[in-house]
Structure formats: structure tokens, C-alpha cells
Amino acid sequence: MSEIPYTPLAGKIQEYFSKFQEVGIPDKVNKEWLKSIGFSSGNDYYIIRVLKAIKFLDETNVPSEFWRRYKDPTQSRTVLAEAIRTGYSDLFKTYEDAHRKDREALYAYFMSKTGKAKATVDLMVNTFANLCQLADFEALPLMPEKPEKLEKPEISVKPTKGVIPEIHINIQLHLPPTDDPSVYENLFKSLKKHLLPAD
């Protein structure tokens, strides 16, 4: 089962992030640092897990590039959207517009991934929803679909000193099996017509 972060104080998420913009960037985020900026409740410490999940903190609780970029109020909402989509990447693969989904859809997803009790899943939904309220997803491009693998022509350029480089293009054709020789004759006539220089 997946581990999806939550805080029982989801209603304070806006307060946390406002304070993060207000104060300097710490060397490390821990209980002592949270206490020093006014968050001393035992439940306040849950926000550390959330910050790590959305990549605002690295594995050692050191602020990441997301955190540093978030300090700029002109781009903070977009940066947070990017971080949320990174941290909840599996959710956004399931629902490209996960930030717009209703509580029922989010609840069903988090429940299927974690198998936790209803009260805990509700906290996951509340945490995600409150994060999204602070973010601007409209400025981000949609998550790209995986492109189909295409065979590209092999092109090699072999320059020689004093000589114009030659370009060699290797075109691969995949032909269906056939007993009719005229199929191949017509194909090669067409290739000659379109690829070879006129006499």
C-alpha cells in the first residue's frame, strides 16, 4: 500500500506556507525550527511529512529548490502547483485534473491506495484539498502523454577536409508478404521517381 501524507491540521496549511514565505530559509526543518516560528503543537509536526512528500524538503529535511522558488511571491502559487503534481504524481496520472476532483473521487483514490481507516483517509483528502487551494495549476502545462516510439531515419554526416560533407539517409521499409511481384515493382518505381534525381 502507498504512503500518502496528511496533517490533522489541514486548516492551518495556509498559515504554514505564509510563514515559510515570511521567514528565512532554514538549514533544516525539524521540530525545533517549527517551534521557533510559532508552531509548537505536536500536530504541527505532521507538516514535515507533507513537505517531504511534495518535495519541498529532501530526505534529510533540507529545503529544496521548490522551497527556494516558493519564496518569490510572484511565482509561489505556480511553484506549489508544480510541487503538488510532483508529490502526487500517481494521482495526477489517474486524474489529470486531480486538483478539480470532488471529495468522493479523492476519497476513493486514497482509500484504494492506502487501505486506511475512513478518518485517516479524510485527513489525506483535506490535506490535498487545502494544498491545492494555495496553488495555481492553470499556469502549468498538462502532463504529457507518453509518445509512441517512432523509427527515425539514420542520418550520418561524414565531413572530409576540403570536401562538401556527404549525407547518407537510411530508409527502412517494412513490406507485407505477397506473392505478387508487381507490388514490389511498383514500390521501387515509386521510390526511384521520388528519391532519385531525374536523368
# chains A, B, ... in the order shown; residues from 1 in each chain; ligands from 1
call {"tool": "residues_around", "arguments": {"residues": "Ala10 in chain A", "least_positions_apart": "4", "cutoff": "10 Å", "atoms": "only C-alpha atoms", "output": "ChimeraX atom specification"}}
result
/A:6,14-16,44,46-47,123-131
call {"tool": "residues_around", "arguments": {"residues": "Phe66 in chain A", "least_positions_apart": "3", "cutoff": "9 Å", "atoms": "only C-alpha atoms", "output": "list in words"}}
result
Ile54, Lys55, Phe56, Leu57, Pro63, Arg69, Tyr70, Lys71, Val79, Leu80, Glu82 and Ala83 of chain A
call {"tool": "closest_residue", "arguments": {"among": "A:Val62, A:Ile4, A:Ser40, A:Tyr45", "to": "Leu106 in chain A", "atoms": "only C-alpha atoms"}}
result
A:Ile4
call {"tool": "closest_residue", "arguments": {"among": "A:Ala53, A:Lys19, A:Phe92, A:Ser112", "to": "Ile37 in chain A", "atoms": "only C-alpha atoms"}}
result
A:Lys19
